[in-house]
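Notes for the one structure printed next.
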Amino acid sequence: MSIEAKNIISGYDKNVNILNGVSIFARESMVTCILGPNGAGKSTLLKTIYGLCKPKHGSVFYDGKDVTDADPLMLFKSGVSYIPQQRSIFPYMTVEENLMLGTWCIRADRELARDAIERMYAEYPNLKERKRILASRLSAGEQRMLELARALVIRKRVLLIDEPSAGLAPKFAKMIYHEIEMLKDRKITFLLVDQNVRQAMAITDYVYSLELGRNKFEGTKGEIEKNLNEIVKTWLKF
């Protein structure tokens, strides 16, 4: 499944636009990365795509269907998940309770929900070992992995991730990027916002660079890598 944003104008105040006509297309079963300096509108774009911030102009398409007016719950049920930059675990709930929240929309079918959680435990055995402890007691890397597992507990087609390695030690950051790369084999489409340019480039297939809420550069991994230093240098003026 693909996700697309066309000519998006969006912001948090009716008089101030953060995005000024941004367009992106995240291709099916690929990692598409959005780069750019602070304030470029990267996080706002993900929030707008997921319905957390309504666009003033432009459209969002999921697998070719217009979902501009869809709310996050509708998108979640349709196969789209979003992991924000700030930690979104519930710290005073256990690991298993956090995973159970990921099955909320199928909670009426307890067997199906239980099977979904057990599948996550099979994929992430470290979480199974810690399922009874409070999520706040996990390391930063384990908390991020819990967020990823919760986003995937009901089979997803598209995953929007904002700064997957933010606040993580290099060891855990590498683990998260490796996991994202492996998940491509499950035909999951990733739209990734990142400032860890080198590690993001290692796993990405296509890149967009934003500047002041507008498209600045785009291209395949190979095309962008040729000019990466020059692209990053343009960010230094911000």
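Naming scheme: A, B, ... for chains in displayed order of the structure tokens; residues 1 onward per chain; ligands 1 onward as shown.
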Could you find all residues in region 7-120 of chain A that DSSP calls helix (DSSP H, G or I) from the backbone, and write them as a ChimeraX atom specification? /A:42-49,72-78,95-101,104-106,110-120
Quick one: everything within 10 Å of region 222-231 of chain A, counting only C-alpha atoms, minus sequence neighbours fewer than 4 positions away in the same chain. Send it as a PDB file with all heavy atoms, in the first residue's frame.
ATOM      1  N   LEU A  35      13.907  14.226   5.097  1.00  0.00           N
ATOM      2  CA  LEU A  35      15.004  14.889   5.786  1.00  0.00           C
ATOM      3  C   LEU A  35      14.800  16.399   5.734  1.00  0.00           C
ATOM      4  O   LEU A  35      13.957  16.911   5.006  1.00  0.00           O
ATOM      5  CB  LEU A  35      16.340  14.530   5.124  1.00  0.00           C
ATOM      6  CG  LEU A  35      16.686  13.044   4.999  1.00  0.00           C
ATOM      7  CD1 LEU A  35      18.000  12.877   4.240  1.00  0.00           C
ATOM      8  CD2 LEU A  35      16.774  12.382   6.365  1.00  0.00           C
ATOM      9  N   GLY A  36      15.600  17.101   6.524  1.00  0.00           N
ATOM     10  CA  GLY A  36      15.551  18.552   6.506  1.00  0.00           C
ATOM     11  C   GLY A  36      15.947  19.125   7.846  1.00  0.00           C
ATOM     12  O   GLY A  36      15.995  18.413   8.854  1.00  0.00           O
ATOM     13  N   VAL A 197      20.927  11.323   9.660  1.00  0.00           N
ATOM     14  CA  VAL A 197      20.980  11.232   8.203  1.00  0.00           C
ATOM     15  C   VAL A 197      21.703   9.986   7.716  1.00  0.00           C
ATOM     16  O   VAL A 197      21.202   9.269   6.841  1.00  0.00           O
ATOM     17  CB  VAL A 197      21.639  12.499   7.614  1.00  0.00           C
ATOM     18  CG1 VAL A 197      21.777  12.371   6.101  1.00  0.00           C
ATOM     19  CG2 VAL A 197      20.830  13.731   7.972  1.00  0.00           C
ATOM     20  N   ARG A 198      22.856   9.700   8.271  1.00  0.00           N
ATOM     21  CA  ARG A 198      23.658   8.578   7.778  1.00  0.00           C
ATOM     22  C   ARG A 198      22.949   7.246   7.972  1.00  0.00           C
ATOM     23  O   ARG A 198      22.914   6.412   7.058  1.00  0.00           O
ATOM     24  CB  ARG A 198      25.024   8.565   8.468  1.00  0.00           C
ATOM     25  CG  ARG A 198      25.914   9.748   8.119  1.00  0.00           C
ATOM     26  CD  ARG A 198      26.276   9.743   6.633  1.00  0.00           C
ATOM     27  NE  ARG A 198      27.091  10.901   6.267  1.00  0.00           N
ATOM     28  CZ  ARG A 198      27.454  11.190   5.033  1.00  0.00           C
ATOM     29  NH1 ARG A 198      27.064  10.429   4.030  1.00  0.00           N
ATOM     30  NH2 ARG A 198      28.195  12.262   4.777  1.00  0.00           N
ATOM     31  N   MET A 201      19.884   7.001   5.685  1.00  0.00           N
ATOM     32  CA  MET A 201      20.259   6.753   4.295  1.00  0.00           C
ATOM     33  C   MET A 201      20.646   5.297   4.065  1.00  0.00           C
ATOM     34  O   MET A 201      20.498   4.773   2.960  1.00  0.00           O
ATOM     35  CB  MET A 201      21.418   7.665   3.897  1.00  0.00           C
ATOM     36  CG  MET A 201      21.036   9.134   3.750  1.00  0.00           C
ATOM     37  SD  MET A 201      19.815   9.446   2.451  1.00  0.00           S
ATOM     38  CE  MET A 201      20.747   8.946   1.004  1.00  0.00           C
ATOM     39  N   ALA A 202      21.111   4.630   5.116  1.00  0.00           N
ATOM     40  CA  ALA A 202      21.531   3.232   4.965  1.00  0.00           C
ATOM     41  C   ALA A 202      20.361   2.308   4.673  1.00  0.00           C
ATOM     42  O   ALA A 202      20.537   1.250   4.067  1.00  0.00           O
ATOM     43  CB  ALA A 202      22.265   2.768   6.222  1.00  0.00           C
ATOM     44  N   THR A 204      17.081   3.600   3.552  1.00  0.00           N
ATOM     45  CA  THR A 204      16.030   4.210   2.753  1.00  0.00           C
ATOM     46  C   THR A 204      16.104   3.791   1.289  1.00  0.00           C
ATOM     47  O   THR A 204      17.135   3.349   0.786  1.00  0.00           O
ATOM     48  CB  THR A 204      16.085   5.743   2.868  1.00  0.00           C
ATOM     49  OG1 THR A 204      14.869   6.295   2.381  1.00  0.00           O
ATOM     50  CG2 THR A 204      17.255   6.309   2.068  1.00  0.00           C
ATOM     51  N   ASP A 205      14.977   3.956   0.599  1.00  0.00           N
ATOM     52  CA  ASP A 205      14.907   3.709  -0.838  1.00  0.00           C
ATOM     53  C   ASP A 205      14.723   5.012  -1.614  1.00  0.00           C
ATOM     54  O   ASP A 205      15.235   5.159  -2.721  1.00  0.00           O
ATOM     55  CB  ASP A 205      13.738   2.772  -1.158  1.00  0.00           C
ATOM     56  CG  ASP A 205      13.899   1.412  -0.514  1.00  0.00           C
ATOM     57  OD1 ASP A 205      14.830   0.687  -0.913  1.00  0.00           O
ATOM     58  OD2 ASP A 205      13.112   1.075   0.397  1.00  0.00           O
ATOM     59  N   TYR A 206      13.975   5.936  -1.005  1.00  0.00           N
ATOM     60  CA  TYR A 206      13.696   7.208  -1.676  1.00  0.00           C
ATOM     61  C   TYR A 206      13.705   8.309  -0.628  1.00  0.00           C
ATOM     62  O   TYR A 206      13.295   8.090   0.514  1.00  0.00           O
ATOM     63  CB  TYR A 206      12.340   7.160  -2.386  1.00  0.00           C
ATOM     64  CG  TYR A 206      12.191   8.199  -3.478  1.00  0.00           C
ATOM     65  CD1 TYR A 206      12.639   7.942  -4.774  1.00  0.00           C
ATOM     66  CD2 TYR A 206      11.612   9.441  -3.212  1.00  0.00           C
ATOM     67  CE1 TYR A 206      12.510   8.893  -5.780  1.00  0.00           C
ATOM     68  CE2 TYR A 206      11.482  10.395  -4.213  1.00  0.00           C
ATOM     69  CZ  TYR A 206      11.927  10.112  -5.498  1.00  0.00           C
ATOM     70  OH  TYR A 206      11.824  11.053  -6.497  1.00  0.00           O
ATOM     71  N   VAL A 207      14.168   9.495  -1.019  1.00  0.00           N
ATOM     72  CA  VAL A 207      14.380  10.576  -0.062  1.00  0.00           C
ATOM     73  C   VAL A 207      13.719  11.867  -0.535  1.00  0.00           C
ATOM     74  O   VAL A 207      13.787  12.218  -1.717  1.00  0.00           O
ATOM     75  CB  VAL A 207      15.891  10.839   0.152  1.00  0.00           C
ATOM     76  CG1 VAL A 207      16.110  11.973   1.142  1.00  0.00           C
ATOM     77  CG2 VAL A 207      16.602   9.581   0.611  1.00  0.00           C
ATOM     78  N   TYR A 208      13.084  12.557   0.425  1.00  0.00           N
ATOM     79  CA  TYR A 208      12.616  13.925   0.212  1.00  0.00           C
ATOM     80  C   TYR A 208      13.324  14.815   1.223  1.00  0.00           C
ATOM     81  O   TYR A 208      13.486  14.439   2.387  1.00  0.00           O
ATOM     82  CB  TYR A 208      11.103  14.040   0.442  1.00  0.00           C
ATOM     83  CG  TYR A 208      10.264  13.376  -0.619  1.00  0.00           C
ATOM     84  CD1 TYR A 208       9.910  12.040  -0.503  1.00  0.00           C
ATOM     85  CD2 TYR A 208       9.806  14.091  -1.727  1.00  0.00           C
ATOM     86  CE1 TYR A 208       9.132  11.414  -1.475  1.00  0.00           C
ATOM     87  CE2 TYR A 208       9.020  13.477  -2.701  1.00  0.00           C
ATOM     88  CZ  TYR A 208       8.688  12.141  -2.562  1.00  0.00           C
ATOM     89  OH  TYR A 208       7.921  11.530  -3.524  1.00  0.00           O
ATOM     90  N   SER A 209      13.732  15.984   0.796  1.00  0.00           N
ATOM     91  CA  SER A 209      14.303  16.973   1.697  1.00  0.00           C
ATOM     92  C   SER A 209      13.403  18.206   1.674  1.00  0.00           C
ATOM     93  O   SER A 209      13.077  18.723   0.608  1.00  0.00           O
ATOM     94  CB  SER A 209      15.724  17.352   1.267  1.00  0.00           C
ATOM     95  OG  SER A 209      16.256  18.352   2.109  1.00  0.00           O
ATOM     96  N   LYS A 216      12.379  20.613  -1.348  1.00  0.00           N
ATOM     97  CA  LYS A 216      13.641  21.193  -1.803  1.00  0.00           C
ATOM     98  C   LYS A 216      14.359  20.241  -2.754  1.00  0.00           C
ATOM     99  O   LYS A 216      14.746  20.617  -3.843  1.00  0.00           O
ATOM    100  CB  LYS A 216      14.524  21.512  -0.605  1.00  0.00           C
ATOM    101  CG  LYS A 216      15.844  22.199  -0.961  1.00  0.00           C
ATOM    102  CD  LYS A 216      15.630  23.584  -1.539  1.00  0.00           C
ATOM    103  CE  LYS A 216      16.959  24.288  -1.746  1.00  0.00           C
ATOM    104  NZ  LYS A 216      16.784  25.638  -2.314  1.00  0.00           N
ATOM    105  N   PHE A 217      14.566  18.988  -2.294  1.00  0.00           N
ATOM    106  CA  PHE A 217      15.207  17.966  -3.122  1.00  0.00           C
ATOM    107  C   PHE A 217      14.417  16.675  -2.995  1.00  0.00           C
ATOM    108  O   PHE A 217      13.741  16.429  -2.003  1.00  0.00           O
ATOM    109  CB  PHE A 217      16.645  17.693  -2.662  1.00  0.00           C
ATOM    110  CG  PHE A 217      17.537  18.894  -2.613  1.00  0.00           C
ATOM    111  CD1 PHE A 217      17.842  19.501  -1.408  1.00  0.00           C
ATOM    112  CD2 PHE A 217      18.090  19.423  -3.782  1.00  0.00           C
ATOM    113  CE1 PHE A 217      18.665  20.609  -1.352  1.00  0.00           C
ATOM    114  CE2 PHE A 217      18.910  20.526  -3.737  1.00  0.00           C
ATOM    115  CZ  PHE A 217      19.201  21.124  -2.523  1.00  0.00           C
ATOM    116  N   GLU A 218      14.551  15.826  -3.993  1.00  0.00           N
ATOM    117  CA  GLU A 218      14.040  14.465  -3.888  1.00  0.00           C
ATOM    118  C   GLU A 218      14.786  13.579  -4.869  1.00  0.00           C
ATOM    119  O   GLU A 218      15.350  14.048  -5.861  1.00  0.00           O
ATOM    120  CB  GLU A 218      12.537  14.393  -4.154  1.00  0.00           C
ATOM    121  CG  GLU A 218      12.120  14.628  -5.597  1.00  0.00           C
ATOM    122  CD  GLU A 218      10.649  14.308  -5.807  1.00  0.00           C
ATOM    123  OE1 GLU A 218      10.323  13.122  -6.025  1.00  0.00           O
ATOM    124  OE2 GLU A 218       9.840  15.251  -5.752  1.00  0.00           O
ATOM    125  N   TRP A 235      21.334  23.197   5.104  1.00  0.00           N
ATOM    126  CA  TRP A 235      20.592  23.281   6.354  1.00  0.00           C
ATOM    127  C   TRP A 235      21.271  24.200   7.363  1.00  0.00           C
ATOM    128  O   TRP A 235      20.626  24.672   8.306  1.00  0.00           O
ATOM    129  CB  TRP A 235      20.429  21.899   6.981  1.00  0.00           C
ATOM    130  CG  TRP A 235      19.773  20.883   6.115  1.00  0.00           C
ATOM    131  CD1 TRP A 235      19.133  21.088   4.929  1.00  0.00           C
ATOM    132  CD2 TRP A 235      19.692  19.481   6.368  1.00  0.00           C
ATOM    133  NE1 TRP A 235      18.658  19.905   4.421  1.00  0.00           N
ATOM    134  CE2 TRP A 235      18.995  18.892   5.289  1.00  0.00           C
ATOM    135  CE3 TRP A 235      20.134  18.652   7.402  1.00  0.00           C
ATOM    136  CZ2 TRP A 235      18.721  17.541   5.202  1.00  0.00           C
ATOM    137  CZ3 TRP A 235      19.867  17.306   7.327  1.00  0.00           C
ATOM    138  CH2 TRP A 235      19.183  16.747   6.252  1.00  0.00           C
ATOM    139  N   LEU A 236      22.561  24.424   7.204  1.00  0.00           N
ATOM    140  CA  LEU A 236      23.330  25.159   8.211  1.00  0.00           C
ATOM    141  C   LEU A 236      22.936  26.623   8.297  1.00  0.00           C
ATOM    142  O   LEU A 236      23.223  27.296   9.288  1.00  0.00           O
ATOM    143  CB  LEU A 236      24.832  25.048   7.901  1.00  0.00           C
ATOM    144  CG  LEU A 236      25.411  23.630   7.898  1.00  0.00           C
ATOM    145  CD1 LEU A 236      26.883  23.661   7.570  1.00  0.00           C
ATOM    146  CD2 LEU A 236      25.176  22.928   9.244  1.00  0.00           C
TER     147      LEU A 236
END
From the options A:Asn215, A:Ser29, A:Asn20, A:Ser59, which residue's atoms come nearest to Met182 (chain A), counting only C-alpha atoms? A:Ser29
What gap, in Å, lies between CA of Ile34 (chain A) and CA of Glu179 (chain A)?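 Between CA of Ile34 (chain A) and CA of Glu179 (chain A) the gap is 18.5 Å.
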Hey, could you make a per-residue contact list for region 27-92 of chain A against region 128-140 of chain A with 10 Å as the cut-off, showing the nearest pair of atoms and its distance in Å to one decimal, counting only C-alpha atoms, sorted by chain and number, as a tab-separated table?
residue	atom	partner	partner_atom	distance
A:Arg87	CA	A:Ala140	CA	9.0
A:Ile89	CA	A:Ala135	CA	7.0
A:Phe90	CA	A:Ala135	CA	6.8
A:Pro91	CA	A:Ser136	CA	4.3
A:Tyr92	CA	A:Leu134	CA	5.7
Save out the residues we just selected, N, CA, C and O atoms, as a short mmCIF file (atom, residue, chain, number, x, y, z; two decimals), in the first residue's frame.
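And here's result.cif as it stands now:
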data_model
loop_
_atom_site.label_atom_id
_atom_site.label_comp_id
_atom_site.auth_asym_id
_atom_site.auth_seq_id
_atom_site.Cartn_x
_atom_site.Cartn_y
_atom_site.Cartn_z
N ARG A 87 8.09 9.75 23.27
CA ARG A 87 7.67 8.42 23.69
C ARG A 87 6.16 8.38 23.91
O ARG A 87 5.59 9.25 24.56
N ILE A 89 4.56 5.41 24.98
CA ILE A 89 4.15 4.31 25.84
C ILE A 89 3.39 4.86 27.04
O ILE A 89 3.48 6.05 27.36
N PHE A 90 2.64 3.98 27.70
CA PHE A 90 1.98 4.34 28.95
C PHE A 90 2.85 3.80 30.08
O PHE A 90 2.86 2.59 30.34
N PRO A 91 3.63 4.67 30.74
CA PRO A 91 4.69 4.21 31.64
C PRO A 91 4.21 3.41 32.85
O PRO A 91 4.94 2.57 33.36
N TYR A 92 2.99 3.69 33.31
CA TYR A 92 2.51 3.01 34.51
C TYR A 92 1.59 1.85 34.19
O TYR A 92 0.85 1.37 35.05
#
Have a look at A:Ile83, A:Met93, A:Lys6, A:Arg27 and name the one nearest to Lys56 (chain A); count only C-alpha atoms.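 Ranked by minimum distance to Lys56 (chain A), first place goes to A:Lys6.
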Contacts of Lys14 (chain A) within 12 Å, only C-alpha atoms, excl. fewer than 2 positions in-chain, as a count of residues only: 12
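Distance-wise, CA of Gly167 (chain A) and CA of Asp194 (chain A) end up 12.2 Å apart.
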Name all residues at most 8 Å from region 145-154 of chain A (count only C-alpha atoms; drop same-chain ones fewer than 6 positions away) and give them as JSON, numbers by chain. {"A": [81, 82, 83, 88, 89, 95, 98, 99, 100, 101, 102, 103, 116, 117, 119, 120, 124, 127, 176]}
CA of Val232 (chain A) to CA of Gly141 (chain A): how many Å, to one decimal?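 It comes out at 27.0 Å.
Closest to Thr189 (chain A) among A:Thr32, A:Asn7, A:Gln86, A:Ser23 is A:Thr32, based on only C-alpha atoms.
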Leaving out region 38-52 of chain A and any residue of its chain fewer than 3 positions from it, which residues lie within 6 Å of it when counting only C-alpha atoms, given as a ChimeraX atom specification? /A:18-19,71-72,210-213
Would you give me, as a PyMOL selection string, the residues in region 13-194 of chain A that DSSP reads as strand (DSSP E)? chain A and resi 19-26+31-35+57-62+65-66+80-83+158-162+189-193
Print the selection's residues with C-alpha atoms to a file, as a short mmCIF file (atom, residue, chain, number, x, y, z; two decimals), in the first residue's frame.
data_model
loop_
_atom_site.label_atom_id
_atom_site.label_comp_id
_atom_site.auth_asym_id
_atom_site.auth_seq_id
_atom_site.Cartn_x
_atom_site.Cartn_y
_atom_site.Cartn_z
CA LEU A 19 3.73 23.41 5.27
CA ASN A 20 3.46 25.42 2.06
CA GLY A 21 2.51 23.04 -0.74
CA VAL A 22 4.45 19.89 0.17
CA SER A 23 4.02 16.76 -1.95
CA ILE A 24 5.43 13.30 -1.20
CA PHE A 25 4.76 9.75 -2.36
CA ALA A 26 5.75 6.76 -0.22
CA VAL A 31 11.31 3.06 3.06
CA THR A 32 10.76 6.70 2.14
CA CYS A 33 12.70 9.16 4.26
CA ILE A 34 11.95 12.83 4.87
CA LEU A 35 15.00 14.89 5.79
CA HIS A 57 -5.31 22.78 1.29
CA GLY A 58 -4.22 19.63 -0.52
CA SER A 59 -5.06 15.97 -0.30
CA VAL A 60 -3.86 12.73 1.31
CA PHE A 61 -4.24 9.40 -0.48
CA TYR A 62 -3.93 5.89 0.92
CA LYS A 65 -8.08 6.51 -2.08
CA ASP A 66 -8.64 10.04 -0.81
CA VAL A 80 -1.87 2.79 8.93
CA SER A 81 0.05 3.31 12.18
CA TYR A 82 1.94 6.33 13.51
CA ILE A 83 4.78 6.45 16.03
CA VAL A 158 1.87 1.59 6.30
CA LEU A 159 3.95 2.81 9.23
CA LEU A 160 4.71 6.50 9.82
CA ILE A 161 7.65 6.99 12.19
CA ASP A 162 8.93 10.30 13.52
CA THR A 189 5.48 0.75 3.56
CA PHE A 190 7.53 3.11 5.75
CA LEU A 191 7.42 6.90 5.78
CA LEU A 192 10.24 7.99 8.04
CA VAL A 193 11.16 11.41 9.40
#
Which one of A:Ile180, A:Ile8, A:Arg110, A:Glu142 sits closest to Pro125 (chain A) if you count only C-alpha atoms?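 Looking at the shortest contact to Pro125 (chain A), the residue is A:Glu142.
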